[in-house]
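Content type mmCIF, C-alpha atoms, from the file work_26.cif:
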data_input
loop_
_atom_site.group_PDB
_atom_site.id
_atom_site.type_symbol
_atom_site.label_atom_id
_atom_site.label_comp_id
_atom_site.auth_asym_id
_atom_site.auth_seq_id
_atom_site.Cartn_x
_atom_site.Cartn_y
_atom_site.Cartn_z
ATOM 1 C CA MET K 10 84.177 69.409 -3.256
ATOM 2 C CA THR K 11 86.596 68.241 -0.564
ATOM 3 C CA THR K 12 88.488 70.960 1.246
ATOM 4 C CA THR K 13 91.388 71.279 3.657
ATOM 5 C CA PHE K 14 91.022 71.150 7.411
ATOM 6 C CA ALA K 15 92.151 74.760 7.752
ATOM 7 C CA GLU K 16 89.627 75.959 5.179
ATOM 8 C CA ALA K 17 86.798 74.075 6.871
ATOM 9 C CA ILE K 18 87.589 75.669 10.239
ATOM 10 C CA SER K 19 87.904 79.144 8.714
ATOM 11 C CA THR K 20 84.367 78.955 7.274
ATOM 12 C CA PHE K 21 82.796 77.332 10.353
ATOM 13 C CA SER K 22 80.678 79.962 12.131
ATOM 14 C CA PRO K 23 78.332 78.452 14.754
ATOM 15 C CA VAL K 24 76.469 80.397 17.406
ATOM 16 C CA LEU K 25 78.696 80.727 20.463
ATOM 17 C CA PRO K 26 79.332 79.398 23.036
ATOM 18 C CA LEU K 27 80.034 76.035 21.417
ATOM 19 C CA ALA K 28 80.409 72.495 22.753
ATOM 20 C CA VAL K 29 82.627 69.998 20.925
ATOM 21 C CA ALA K 30 82.049 66.250 21.203
ATOM 22 C CA PHE K 31 85.483 65.007 22.265
ATOM 23 C CA SER K 32 86.460 61.323 22.245
ATOM 24 C CA GLY K 33 90.209 61.874 22.376
ATOM 25 C CA GLY K 34 90.686 60.452 18.880
ATOM 26 C CA ALA K 35 92.382 62.244 15.997
ATOM 27 C CA ASP K 36 89.304 63.862 14.456
ATOM 28 C CA SER K 37 87.744 65.273 17.618
ATOM 29 C CA THR K 38 91.157 66.324 18.953
ATOM 30 C CA ALA K 39 91.800 68.405 15.841
ATOM 31 C CA LEU K 40 88.314 69.925 15.922
ATOM 32 C CA LEU K 41 88.501 70.811 19.627
ATOM 33 C CA LEU K 42 91.976 72.325 19.330
ATOM 34 C CA ALA K 43 91.075 74.389 16.252
ATOM 35 C CA CYS K 44 87.833 75.674 17.792
ATOM 36 C CA ALA K 45 89.502 76.510 21.115
ATOM 37 C CA GLU K 46 92.149 78.517 19.276
ATOM 38 C CA LYS K 47 89.579 80.283 17.093
ATOM 39 C CA TRP K 48 87.204 81.154 19.953
ATOM 40 C CA PRO K 49 89.178 81.351 23.231
ATOM 41 C CA GLY K 50 86.971 81.037 26.286
ATOM 42 C CA GLN K 51 83.893 80.192 24.183
ATOM 43 C CA VAL K 52 84.422 76.442 23.723
ATOM 44 C CA HIS K 53 83.511 73.537 26.002
ATOM 45 C CA ALA K 54 84.235 69.828 25.521
ATOM 46 C CA VAL K 55 81.895 66.877 26.099
ATOM 47 C CA HIS K 56 83.306 63.375 26.527
ATOM 48 C CA ILE K 57 80.920 60.415 26.433
ATOM 49 C CA HIS K 58 82.192 57.426 28.422
ATOM 50 C CA HIS K 59 80.419 54.407 26.911
ATOM 51 C CA GLY K 60 81.855 51.901 29.371
ATOM 52 C CA VAL K 61 81.961 49.075 26.817
ATOM 53 C CA GLN K 62 85.720 48.537 26.515
ATOM 54 C CA ALA K 63 88.652 48.297 28.901
ATOM 55 C CA ALA K 64 90.379 51.371 27.460
ATOM 56 C CA ALA K 65 87.425 53.689 28.199
ATOM 57 C CA ASP K 66 88.904 54.928 31.489
ATOM 58 C CA ASP K 67 92.226 55.653 29.761
ATOM 59 C CA PHE K 68 90.356 57.665 27.099
ATOM 60 C CA GLU K 69 88.716 59.732 29.820
ATOM 61 C CA ARG K 70 92.026 60.421 31.566
ATOM 62 C CA HIS K 71 93.587 61.513 28.273
ATOM 63 C CA CYS K 72 90.662 63.856 27.565
ATOM 64 C CA ARG K 73 90.860 65.428 31.009
ATOM 65 C CA ALA K 74 94.588 66.044 30.637
ATOM 66 C CA PHE K 75 94.258 67.496 27.131
ATOM 67 C CA CYS K 76 91.410 69.837 28.117
ATOM 68 C CA ALA K 77 93.357 70.984 31.184
ATOM 69 C CA GLN K 78 96.279 71.781 28.882
ATOM 70 C CA LEU K 79 93.977 73.800 26.598
ATOM 71 C CA ASP K 80 92.150 75.405 29.543
ATOM 72 C CA VAL K 81 88.880 74.163 28.035
ATOM 73 C CA PRO K 82 86.061 73.109 30.409
ATOM 74 C CA LEU K 83 85.246 69.403 30.073
ATOM 75 C CA THR K 84 82.057 67.550 30.958
ATOM 76 C CA VAL K 85 82.232 63.750 31.142
ATOM 77 C CA ARG K 86 78.986 61.857 30.775
ATOM 78 C CA ARG K 87 78.844 58.134 31.479
ATOM 79 C CA VAL K 88 76.290 56.112 29.523
ATOM 80 C CA ASP K 89 75.384 52.464 29.072
ATOM 81 C CA GLY K 90 76.548 51.849 25.512
ATOM 82 C CA ARG K 91 75.727 48.144 25.463
ATOM 83 C CA HIS K 92 73.408 46.958 22.707
ATOM 84 C CA ALA K 93 70.433 44.634 22.976
ATOM 85 C CA SER K 94 70.329 41.339 21.128
ATOM 86 C CA GLY K 95 69.669 41.976 17.435
ATOM 87 C CA ASP K 96 70.527 45.657 17.756
ATOM 88 C CA SER K 97 73.466 47.302 16.008
ATOM 89 C CA PRO K 98 76.314 48.206 18.429
ATOM 90 C CA GLU K 99 76.935 51.379 16.404
ATOM 91 C CA ASP K 100 73.246 52.404 16.535
ATOM 92 C CA ALA K 101 73.048 51.700 20.270
ATOM 93 C CA ALA K 102 76.157 53.796 20.942
ATOM 94 C CA ARG K 103 74.861 56.641 18.760
ATOM 95 C CA ARG K 104 71.498 56.754 20.554
ATOM 96 C CA ALA K 105 73.256 56.775 23.926
ATOM 97 C CA ARG K 106 75.525 59.626 22.793
ATOM 98 C CA TYR K 107 72.697 61.873 21.654
ATOM 99 C CA LYS K 108 70.712 61.287 24.835
ATOM 100 C CA ALA K 109 73.836 62.261 26.762
ATOM 101 C CA PHE K 110 74.373 65.391 24.656
ATOM 102 C CA GLU K 111 70.795 66.460 25.335
ATOM 103 C CA ALA K 112 71.185 65.853 29.058
ATOM 104 C CA VAL K 113 74.425 67.842 29.158
ATOM 105 C CA ALA K 114 72.849 70.785 27.310
ATOM 106 C CA LEU K 115 69.820 70.786 29.617
ATOM 107 C CA GLU K 116 71.719 70.289 32.879
ATOM 108 C CA GLU K 117 75.430 71.161 32.973
ATOM 109 C CA TYR K 118 75.286 73.796 30.219
ATOM 110 C CA ALA K 119 71.927 75.381 31.020
ATOM 111 C CA GLN K 120 73.535 78.349 32.787
ATOM 112 C CA VAL K 121 75.943 79.117 29.932
ATOM 113 C CA ALA K 122 73.221 78.632 27.284
ATOM 114 C CA ILE K 123 75.095 76.209 25.030
ATOM 115 C CA LYS K 124 72.732 75.146 22.266
ATOM 116 C CA ASN K 125 75.309 74.265 19.580
ATOM 117 C CA ILE K 126 77.417 71.094 19.495
ATOM 118 C CA ALA K 127 80.103 70.273 16.920
ATOM 119 C CA ILE K 128 80.900 66.692 15.910
ATOM 120 C CA ALA K 129 84.089 65.720 14.070
ATOM 121 C CA GLN K 130 82.719 63.361 11.403
ATOM 122 C CA HIS K 131 84.568 63.852 8.120
ATOM 123 C CA ALA K 132 84.416 63.084 4.387
ATOM 124 C CA ASP K 133 85.475 59.439 4.801
ATOM 125 C CA ASP K 134 82.783 58.922 7.472
ATOM 126 C CA GLN K 135 80.249 60.369 5.023
ATOM 127 C CA ILE K 136 81.210 57.890 2.300
ATOM 128 C CA GLU K 137 81.124 54.987 4.764
ATOM 129 C CA THR K 138 77.620 56.047 5.815
ATOM 130 C CA LEU K 139 76.464 56.182 2.190
ATOM 131 C CA LEU K 140 77.944 52.759 1.393
ATOM 132 C CA LEU K 141 76.284 51.271 4.489
ATOM 133 C CA ALA K 142 72.948 52.718 3.352
ATOM 134 C CA LEU K 143 73.396 51.201 -0.120
ATOM 135 C CA SER K 144 74.277 47.816 1.367
ATOM 136 C CA ARG K 145 71.035 47.856 3.382
ATOM 137 C CA GLY K 146 68.823 48.865 0.455
ATOM 138 C CA SER K 147 67.963 52.183 2.092
ATOM 139 C CA GLY K 148 65.655 54.753 0.533
ATOM 140 C CA LEU K 149 66.317 58.446 0.079
ATOM 141 C CA PRO K 150 66.688 59.250 3.806
ATOM 142 C CA GLY K 151 69.548 56.759 4.077
ATOM 143 C CA LEU K 152 71.111 57.704 0.742
ATOM 144 C CA SER K 153 71.134 61.347 1.860
ATOM 145 C CA ALA K 154 73.877 60.298 4.328
ATOM 146 C CA MET K 155 74.729 62.826 7.058
ATOM 147 C CA PRO K 156 73.638 66.490 7.023
ATOM 148 C CA SER K 157 76.181 69.164 7.888
ATOM 149 C CA THR K 158 73.740 70.758 10.355
ATOM 150 C CA TRP K 159 70.512 69.605 11.977
ATOM 151 C CA GLU K 160 68.399 70.201 15.065
ATOM 152 C CA ARG K 161 67.293 67.767 17.719
ATOM 153 C CA ALA K 162 65.694 68.529 21.094
ATOM 154 C CA ALA K 163 66.396 72.287 20.703
ATOM 155 C CA ILE K 164 70.107 71.644 20.078
ATOM 156 C CA THR K 165 71.782 72.538 16.776
ATOM 157 C CA TYR K 166 74.420 70.010 15.753
ATOM 158 C CA HIS K 167 77.236 70.805 13.312
ATOM 159 C CA ARG K 168 79.551 68.615 11.252
ATOM 160 C CA PRO K 169 82.067 71.181 9.943
ATOM 161 C CA LEU K 170 84.521 68.549 8.666
ATOM 162 C CA LEU K 171 82.229 66.614 6.296
ATOM 163 C CA ARG K 172 84.230 67.817 3.286
ATOM 164 C CA VAL K 173 87.648 67.107 4.853
ATOM 165 C CA ARG K 174 89.513 63.840 4.246
ATOM 166 C CA ALA K 175 90.587 61.838 7.294
ATOM 167 C CA ALA K 176 94.193 61.914 6.071
ATOM 168 C CA ASP K 177 94.158 65.715 5.958
ATOM 169 C CA ILE K 178 92.974 65.910 9.573
ATOM 170 C CA ARG K 179 95.813 63.663 10.740
ATOM 171 C CA ALA K 180 98.311 65.611 8.672
ATOM 172 C CA TRP K 181 97.198 68.831 10.409
ATOM 173 C CA LEU K 182 97.651 67.205 13.823
ATOM 174 C CA ALA K 183 101.075 65.890 12.841
ATOM 175 C CA SER K 184 102.143 69.376 11.781
ATOM 176 C CA ARG K 185 101.221 70.610 15.262
ATOM 177 C CA GLY K 186 102.823 67.661 17.074
ATOM 178 C CA VAL K 187 99.565 66.882 18.891
ATOM 179 C CA ALA K 188 98.981 63.434 20.410
ATOM 180 C CA PHE K 189 95.665 61.582 20.383
ATOM 181 C CA VAL K 190 94.322 58.175 21.358
ATOM 182 C CA GLU K 191 93.640 55.299 18.979
ATOM 183 C CA ASP K 192 90.425 53.367 19.619
ATOM 184 C CA PRO K 193 91.282 49.674 19.066
ATOM 185 C CA THR K 194 87.754 48.936 17.880
ATOM 186 C CA ASN K 195 88.319 51.163 14.826
ATOM 187 C CA VAL K 196 90.448 48.440 13.223
ATOM 188 C CA ASP K 197 88.226 45.514 14.220
ATOM 189 C CA GLU K 198 86.884 44.227 10.903
ATOM 190 C CA HIS K 199 84.033 42.387 12.612
ATOM 191 C CA PHE K 200 82.291 45.767 12.249
ATOM 192 C CA THR K 201 80.974 46.485 8.753
ATOM 193 C CA ARG K 202 82.023 50.128 8.821
ATOM 194 C CA ASN K 203 85.613 49.125 9.595
ATOM 195 C CA ARG K 204 85.658 46.649 6.691
ATOM 196 C CA ILE K 205 84.446 49.426 4.389
ATOM 197 C CA ARG K 206 87.209 51.704 5.679
ATOM 198 C CA ALA K 207 89.960 49.093 5.386
ATOM 199 C CA ARG K 208 88.974 47.403 2.118
ATOM 200 C CA LEU K 209 86.516 49.428 0.037
ATOM 201 C CA LEU K 210 87.822 52.971 0.420
ATOM 202 C CA PRO K 211 91.345 52.121 -0.817
ATOM 203 C CA ALA K 212 89.837 50.264 -3.810
ATOM 204 C CA LEU K 213 87.581 53.213 -4.612
ATOM 205 C CA GLU K 214 90.518 55.595 -4.271
ATOM 206 C CA ALA K 215 92.474 53.561 -6.818
ATOM 207 C CA THR K 216 89.548 53.218 -9.250
ATOM 208 C CA PHE K 217 87.722 56.559 -8.834
ATOM 209 C CA PRO K 218 90.142 59.137 -7.345
ATOM 210 C CA GLN K 219 87.354 61.753 -7.054
ATOM 211 C CA PHE K 220 84.854 59.396 -5.405
ATOM 212 C CA ARG K 221 84.514 61.480 -2.233
ATOM 213 C CA ASP K 222 83.273 64.433 -4.274
ATOM 214 C CA THR K 223 81.027 62.482 -6.669
ATOM 215 C CA PHE K 224 79.496 60.272 -3.965
ATOM 216 C CA ALA K 225 78.852 63.316 -1.779
ATOM 217 C CA ARG K 226 77.153 65.014 -4.732
ATOM 218 C CA SER K 227 74.848 62.006 -5.165
ATOM 219 C CA ALA K 228 74.012 62.132 -1.453
ATOM 220 C CA ALA K 229 73.198 65.836 -1.793
ATOM 221 C CA HIS K 230 70.839 65.089 -4.712
ATOM 222 C CA ALA K 231 69.134 62.406 -2.592
ATOM 223 C CA ALA K 232 68.770 64.843 0.305
ATOM 224 C CA GLN K 233 67.190 67.440 -1.981
ATOM 225 C CA ALA K 234 64.711 64.899 -3.370
ATOM 226 C CA GLN K 235 63.882 63.740 0.160
ATOM 227 C CA ALA K 236 63.152 67.332 1.172
ATOM 228 C CA VAL K 237 60.593 67.575 -1.656
ATOM 229 C CA LEU K 238 58.986 64.277 -0.601
ATOM 230 C CA LEU K 239 58.774 65.552 2.975
ATOM 231 C CA ASP K 240 56.932 68.673 1.790
ATOM 232 C CA VAL K 241 54.477 66.489 -0.156
ATOM 233 C CA ALA K 242 54.023 64.189 2.854
ATOM 234 C CA ARG K 243 53.170 67.106 5.133
ATOM 235 C CA GLU K 244 50.585 68.382 2.666
ATOM 236 C CA ASP K 245 49.051 64.925 2.240
ATOM 237 C CA LEU K 246 48.971 64.299 5.998
ATOM 238 C CA ALA K 247 47.025 67.533 6.458
ATOM 239 C CA LEU K 248 44.456 66.159 3.996
ATOM 240 C CA ILE K 249 44.131 62.595 5.334
ATOM 241 C CA GLY K 250 44.077 63.675 8.985
ATOM 242 C CA MET K 251 45.661 62.582 12.258
ATOM 243 C CA PRO K 252 44.962 59.722 12.736
ATOM 244 C CA PRO K 253 44.788 59.026 8.983
ATOM 245 C CA VAL K 254 41.303 58.337 7.588
ATOM 246 C CA ILE K 255 41.465 55.209 5.429
ATOM 247 C CA THR K 256 39.172 56.480 2.673
ATOM 248 C CA GLN K 257 41.324 59.605 2.388
ATOM 249 C CA ILE K 258 44.495 57.514 2.142
ATOM 250 C CA GLN K 259 42.891 55.523 -0.686
ATOM 251 C CA ARG K 260 42.469 58.693 -2.744
ATOM 252 C CA LEU K 261 46.241 58.976 -3.091
ATOM 253 C CA SER K 262 48.463 57.026 -5.474
ATOM 254 C CA ARG K 263 50.277 54.093 -3.882
ATOM 255 C CA PRO K 264 53.683 55.882 -3.878
ATOM 256 C CA ARG K 265 52.115 58.877 -2.112
ATOM 257 C CA GLN K 266 50.366 56.553 0.335
ATOM 258 C CA ALA K 267 53.743 55.025 1.199
ATOM 259 C CA ASN K 268 55.312 58.468 1.518
ATOM 260 C CA VAL K 269 52.649 59.919 3.797
ATOM 261 C CA LEU K 270 52.381 56.830 6.009
ATOM 262 C CA ARG K 271 56.161 56.743 6.523
ATOM 263 C CA HIS K 272 55.998 60.416 7.491
ATOM 264 C CA TRP K 273 53.038 59.869 9.839
ATOM 265 C CA LEU K 274 54.754 56.984 11.651
ATOM 266 C CA LYS K 275 58.046 58.853 11.987
ATOM 267 C CA ALA K 276 56.548 62.200 13.003
ATOM 268 C CA ALA K 277 53.967 60.839 15.451
ATOM 269 C CA TYR K 278 55.739 57.785 16.900
ATOM 270 C CA ASP K 279 59.395 57.925 15.759
ATOM 271 C CA GLU K 280 58.813 54.596 14.006
ATOM 272 C CA VAL K 281 60.307 53.468 10.690
ATOM 273 C CA PRO K 282 58.489 50.542 9.017
ATOM 274 C CA SER K 283 60.403 47.974 7.016
ATOM 275 C CA ALA K 284 59.724 47.815 3.286
ATOM 276 C CA ALA K 285 57.834 44.520 3.743
ATOM 277 C CA GLN K 286 55.695 45.908 6.579
ATOM 278 C CA LEU K 287 54.784 49.008 4.620
ATOM 279 C CA ALA K 288 53.911 46.979 1.504
ATOM 280 C CA GLU K 289 51.612 44.742 3.551
ATOM 281 C CA LEU K 290 49.959 47.751 5.169
ATOM 282 C CA LEU K 291 49.328 49.325 1.742
ATOM 283 C CA ASP K 292 47.843 46.049 0.475
ATOM 284 C CA GLN K 293 45.472 45.952 3.447
ATOM 285 C CA ILE K 294 44.437 49.574 2.920
ATOM 286 C CA ALA K 295 43.736 48.888 -0.763
ATOM 287 C CA VAL K 296 41.203 46.116 0.028
ATOM 288 C CA CYS K 297 39.656 47.867 3.028
ATOM 289 C CA THR K 298 36.321 48.674 1.345
ATOM 290 C CA THR K 299 33.772 47.321 3.829
ATOM 291 C CA ARG K 300 32.838 48.462 7.318
ATOM 292 C CA GLY K 301 33.787 45.081 8.812
ATOM 293 C CA HIS K 302 37.255 44.822 7.252
ATOM 294 C CA GLN K 303 39.863 44.635 9.991
ATOM 295 C CA ILE K 304 43.507 45.754 9.824
ATOM 296 C CA ARG K 305 46.057 44.779 12.461
ATOM 297 C CA ILE K 306 49.607 44.169 11.294
ATOM 298 C CA LYS K 307 53.094 44.524 12.754
ATOM 299 C CA VAL K 308 54.668 47.866 11.842
ATOM 300 C CA GLY K 309 57.987 48.886 13.384
ATOM 301 C CA THR K 310 58.010 48.001 17.082
ATOM 302 C CA GLY K 311 54.209 48.031 17.359
ATOM 303 C CA PHE K 312 51.012 47.478 15.391
ATOM 304 C CA ALA K 313 48.921 49.436 12.913
ATOM 305 C CA GLU K 314 45.212 48.714 13.176
ATOM 306 C CA ARG K 315 41.896 49.998 11.947
ATOM 307 C CA ARG K 316 39.634 51.686 14.482
ATOM 308 C CA GLY K 317 36.432 52.849 12.842
ATOM 309 C CA PRO K 318 37.278 55.006 9.820
ATOM 310 C CA ALA K 319 40.904 55.666 10.781
ATOM 311 C CA LEU K 320 44.263 53.959 10.998
ATOM 312 C CA HIS K 321 45.971 53.901 14.390
ATOM 313 C CA TRP K 322 49.366 52.738 15.654
ATOM 314 C CA TYR K 323 50.279 51.529 19.125
ATOM 315 C CA ASN K 324 52.995 49.623 20.981
ATOM 316 C CA PRO K 325 51.418 47.065 23.331
ATOM 317 C CA LEU K 326 54.539 46.978 25.523
ATOM 318 C CA VAL K 327 54.178 50.701 26.267
ATOM 319 C CA LEU K 328 50.569 50.180 27.296
ATOM 320 C CA LEU K 329 51.432 47.562 29.942
#

As structure tokens, how would this structure be written, given the file I've shared?
Amino acid sequence: MTTTFAEAISTFSPVLPLAVAFSGGADSTALLLACAEKWPGQVHAVHIHHGVQAAADDFERHCRAFCAQLDVPLTVRRVDGRHASGDSPEDAARRARYKAFEAVALEEYAQVAIKNIAIAQHADDQIETLLLALSRGSGLPGLSAMPSTWERAAITYHRPLLRVRAADIRAWLASRGVAFVEDPTNVDEHFTRNRIRARLLPALEATFPQFRDTFARSAAHAAQAQAVLLDVAREDLALIGMPPVITQIQRLSRPRQANVLRHWLKAAYDEVPSAAQLAELLDQIAVCTTRGHQIRIKVGTGFAERRGPALHWYNPLVLL
């Protein structure tokens, strides 16, 4: 169920000290202010300067001034947020942010032992993420949307506002008379997420007033099912080996083959095959019944190939 901003902050209990990802926008401004008031002297701010728009320097100046006013330490990390041809600008920016968070935790915050970072994504962001996943034909990992907590590179990330509506966050800021910056790219409808926000969310609000709660419940069901599939994949991978032995893969049903191979590629190489690539790989495994049968097909950014009895994956560009 959705909740108020104040209720979300009251139940948020991370390990301290805490870092807050701070862009200067409404959501992160509210989160930083509320956390700084709840835990005086225990909160730090991290601002990621992507360098991809003219206003980025103004955002940084605003963040420095606001943190000075709060007496909250601020770390600014500059990254190259540009995206390669064919890559999603949003995905490129997200990857750059998380690399920066990890660097900050390992370098600037090593002495104060900050291992927890809060991010201000909210209920509307969650629905946008779910709708994007549906539009791309995603499986359970995508339909699970965003978790409220997760770990990456020994850092625990928190999204305490996932059940709070964007409008409620802005109403809380307005009641406090707090200023924030508006990112002009947030209203640029060239970006799919912005079109969802501007066009689909109002239509859903009018048609299904409780859609934030019901959609979030569906995402939670998907996340639970994905957790079960992950348990099965780990058990199956222990049986088929690392690297996977082809005859052992063939003993599994095709859905379990797909499940365990996706897990193997993600766990070992951080690769996610497309549906077409995985289907072709499964077809090749099914007919691999002779010693001379060769397998070498494109999977993710590299190739899966047969070497003796086992299936291997490699990226030729990394080997150069």

- Message: Calculated over all atoms listed in the file, which of the candidates K:Ser147, K:Asn195, K:Gln286, K:Asn125 has the smallest distance to Ala231 (chain K)?
- Response: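 Smallest distance to Ala231 (chain K) is found for K:Ser147.
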
- Task: For Ala54 (chain K), work out the shell of residues within 7 Å, counting all atoms listed in the file and skipping chain neighbours fewer than 6 positions away, then give it as a list in words.
- Result: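 Surrounding residues, per the criterion: Ala28, Val29, Ala30, Phe31, Val81, Pro82, Leu83 and Thr84 of chain K.
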
- Query: Applied to the shown file, which residues does the PyMOL selection byres ((chain K and resi 136-139) around 7) return, written as a list of chain:residue names?
  - Reply: K:Ala132, K:Asp133, K:Asp134, K:Gln135, K:Leu140, K:Leu141, K:Ala142, K:Leu143, K:Leu152, K:Ala154, K:Arg202, K:Ile205, K:Arg206, K:Arg221, K:Phe224

- Item | Residue nearest Asp80 (chain K) among K:Leu42, K:Ala175, K:Leu320, K:Ile126 (counting all atoms listed in the file) |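 Selected residue with least distance to Asp80 (chain K): K:Leu42.
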
- Query: In Å to one decimal, how far is CA of Glu289 (chain K) from CA of Ala236 (chain K)?
  - Reply: 25.5 Å

- Matched chain/residue IDs from the PyMOL selection byres ((chain K and resi 245) around 9), as a VMD selection string: chain K and resid 240 to 244 246 to 250 258 261 265 to 266 269

Given the PyMOL selection byres ((chain K and resi 165) around 10), the residues it picks as a PDB file with C-alpha atoms, keeping the file's coordinate frame:
ATOM      1  CA  PRO K  23      78.332  78.452  14.754  1.00  0.00           C
ATOM      2  CA  VAL K  24      76.469  80.397  17.406  1.00  0.00           C
ATOM      3  CA  ILE K 123      75.095  76.209  25.030  1.00  0.00           C
ATOM      4  CA  LYS K 124      72.732  75.146  22.266  1.00  0.00           C
ATOM      5  CA  ASN K 125      75.309  74.265  19.580  1.00  0.00           C
ATOM      6  CA  ILE K 126      77.417  71.094  19.495  1.00  0.00           C
ATOM      7  CA  ALA K 127      80.103  70.273  16.920  1.00  0.00           C
ATOM      8  CA  THR K 158      73.740  70.758  10.355  1.00  0.00           C
ATOM      9  CA  TRP K 159      70.512  69.605  11.977  1.00  0.00           C
ATOM     10  CA  GLU K 160      68.399  70.201  15.065  1.00  0.00           C
ATOM     11  CA  ARG K 161      67.293  67.767  17.719  1.00  0.00           C
ATOM     12  CA  ALA K 162      65.694  68.529  21.094  1.00  0.00           C
ATOM     13  CA  ALA K 163      66.396  72.287  20.703  1.00  0.00           C
ATOM     14  CA  ILE K 164      70.107  71.644  20.078  1.00  0.00           C
ATOM     15  CA  TYR K 166      74.420  70.010  15.753  1.00  0.00           C
ATOM     16  CA  HIS K 167      77.236  70.805  13.312  1.00  0.00           C
TER      17      HIS K 167
END

- Message: When you count only C-alpha atoms, which of these residues is closest to Ala176 (chain K): K:Leu270, K:Ala39, K:Glu46, K:His321?
- Response: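 Among K:Leu270, K:Ala39, K:Glu46, K:His321, it is K:Ala39 that comes nearest to Ala176 (chain K).
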
- Query: Restricting the calculation to only C-alpha atoms, which member of K:Thr194, K:Ser153, K:Gln130, K:Gln62 is positioned closest to Asp36 (chain K)?
  - Reply: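 The closest residue to Asp36 (chain K) is K:Gln130.
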
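Using all atoms listed in the file, the nearest neighbour of Ser32 (chain K) within the list K:Ala114, K:Ala77, K:Ala129, K:Met10 is K:Ala129.
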
- Item | K:Thr310, K:Lys275, K:Thr216, K:Asp89 ranked by distance to Arg103 (chain K), top pick (using all atoms listed in the file) |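 Looking only at the distances to Arg103 (chain K), the closest residue turns out to be K:Asp89.
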
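Note that the spacing between CA of Leu27 (chain K) and CA of Thr11 (chain K) amounts to 24.2 Å.
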
- Could you work out how far CA of Pro169 (chain K) lies from CA of Phe21 (chain K), giving the answer in Å with one decimal?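 Result for CA of Phe21 (chain K) versus CA of Pro169 (chain K): 6.2 Å, one decimal.
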
Completed region 11-22 of chain K (N, CA, C and O atoms) as a PDB file, in the frame of the given file:
ATOM      1  N   THR K  11      85.828  68.345  -1.799  1.00  0.00           N
ATOM      2  CA  THR K  11      86.596  68.241  -0.564  1.00  0.00           C
ATOM      3  C   THR K  11      87.424  69.505  -0.358  1.00  0.00           C
ATOM      4  O   THR K  11      87.757  70.219  -1.297  1.00  0.00           O
ATOM      5  N   THR K  12      87.745  69.756   0.897  1.00  0.00           N
ATOM      6  CA  THR K  12      88.488  70.960   1.246  1.00  0.00           C
ATOM      7  C   THR K  12      89.520  70.621   2.304  1.00  0.00           C
ATOM      8  O   THR K  12      89.528  69.500   2.841  1.00  0.00           O
ATOM      9  N   THR K  13      90.390  71.537   2.626  1.00  0.00           N
ATOM     10  CA  THR K  13      91.388  71.279   3.657  1.00  0.00           C
ATOM     11  C   THR K  13      90.780  71.499   5.036  1.00  0.00           C
ATOM     12  O   THR K  13      89.749  72.165   5.190  1.00  0.00           O
ATOM     13  N   PHE K  14      91.471  70.964   6.040  1.00  0.00           N
ATOM     14  CA  PHE K  14      91.022  71.150   7.411  1.00  0.00           C
ATOM     15  C   PHE K  14      91.004  72.633   7.778  1.00  0.00           C
ATOM     16  O   PHE K  14      90.034  73.142   8.349  1.00  0.00           O
ATOM     17  N   ALA K  15      92.058  73.336   7.415  1.00  0.00           N
ATOM     18  CA  ALA K  15      92.151  74.760   7.752  1.00  0.00           C
ATOM     19  C   ALA K  15      91.030  75.563   7.107  1.00  0.00           C
ATOM     20  O   ALA K  15      90.447  76.465   7.735  1.00  0.00           O
ATOM     21  N   GLU K  16      90.699  75.246   5.866  1.00  0.00           N
ATOM     22  CA  GLU K  16      89.627  75.959   5.179  1.00  0.00           C
ATOM     23  C   GLU K  16      88.278  75.673   5.828  1.00  0.00           C
ATOM     24  O   GLU K  16      87.441  76.571   5.962  1.00  0.00           O
ATOM     25  N   ALA K  17      88.065  74.430   6.225  1.00  0.00           N
ATOM     26  CA  ALA K  17      86.798  74.075   6.871  1.00  0.00           C
ATOM     27  C   ALA K  17      86.615  74.836   8.180  1.00  0.00           C
ATOM     28  O   ALA K  17      85.525  75.338   8.484  1.00  0.00           O
ATOM     29  N   ILE K  18      87.670  74.938   8.968  1.00  0.00           N
ATOM     30  CA  ILE K  18      87.589  75.669  10.239  1.00  0.00           C
ATOM     31  C   ILE K  18      87.384  77.162   9.992  1.00  0.00           C
ATOM     32  O   ILE K  18      86.621  77.832  10.709  1.00  0.00           O
ATOM     33  N   SER K  19      88.015  77.702   8.971  1.00  0.00           N
ATOM     34  CA  SER K  19      87.904  79.144   8.714  1.00  0.00           C
ATOM     35  C   SER K  19      86.484  79.544   8.327  1.00  0.00           C
ATOM     36  O   SER K  19      86.054  80.671   8.608  1.00  0.00           O
ATOM     37  N   THR K  20      85.739  78.641   7.693  1.00  0.00           N
ATOM     38  CA  THR K  20      84.367  78.955   7.274  1.00  0.00           C
ATOM     39  C   THR K  20      83.316  78.498   8.282  1.00  0.00           C
ATOM     40  O   THR K  20      82.132  78.783   8.100  1.00  0.00           O
ATOM     41  N   PHE K  21      83.730  77.817   9.328  1.00  0.00           N
ATOM     42  CA  PHE K  21      82.796  77.332  10.353  1.00  0.00           C
ATOM     43  C   PHE K  21      82.410  78.494  11.259  1.00  0.00           C
ATOM     44  O   PHE K  21      83.262  79.112  11.881  1.00  0.00           O
ATOM     45  N   SER K  22      81.116  78.795  11.339  1.00  0.00           N
ATOM     46  CA  SER K  22      80.678  79.962  12.131  1.00  0.00           C
ATOM     47  C   SER K  22      79.414  79.639  12.917  1.00  0.00           C
ATOM     48  O   SER K  22      78.332  80.150  12.611  1.00  0.00           O
TER      49      SER K  22
END
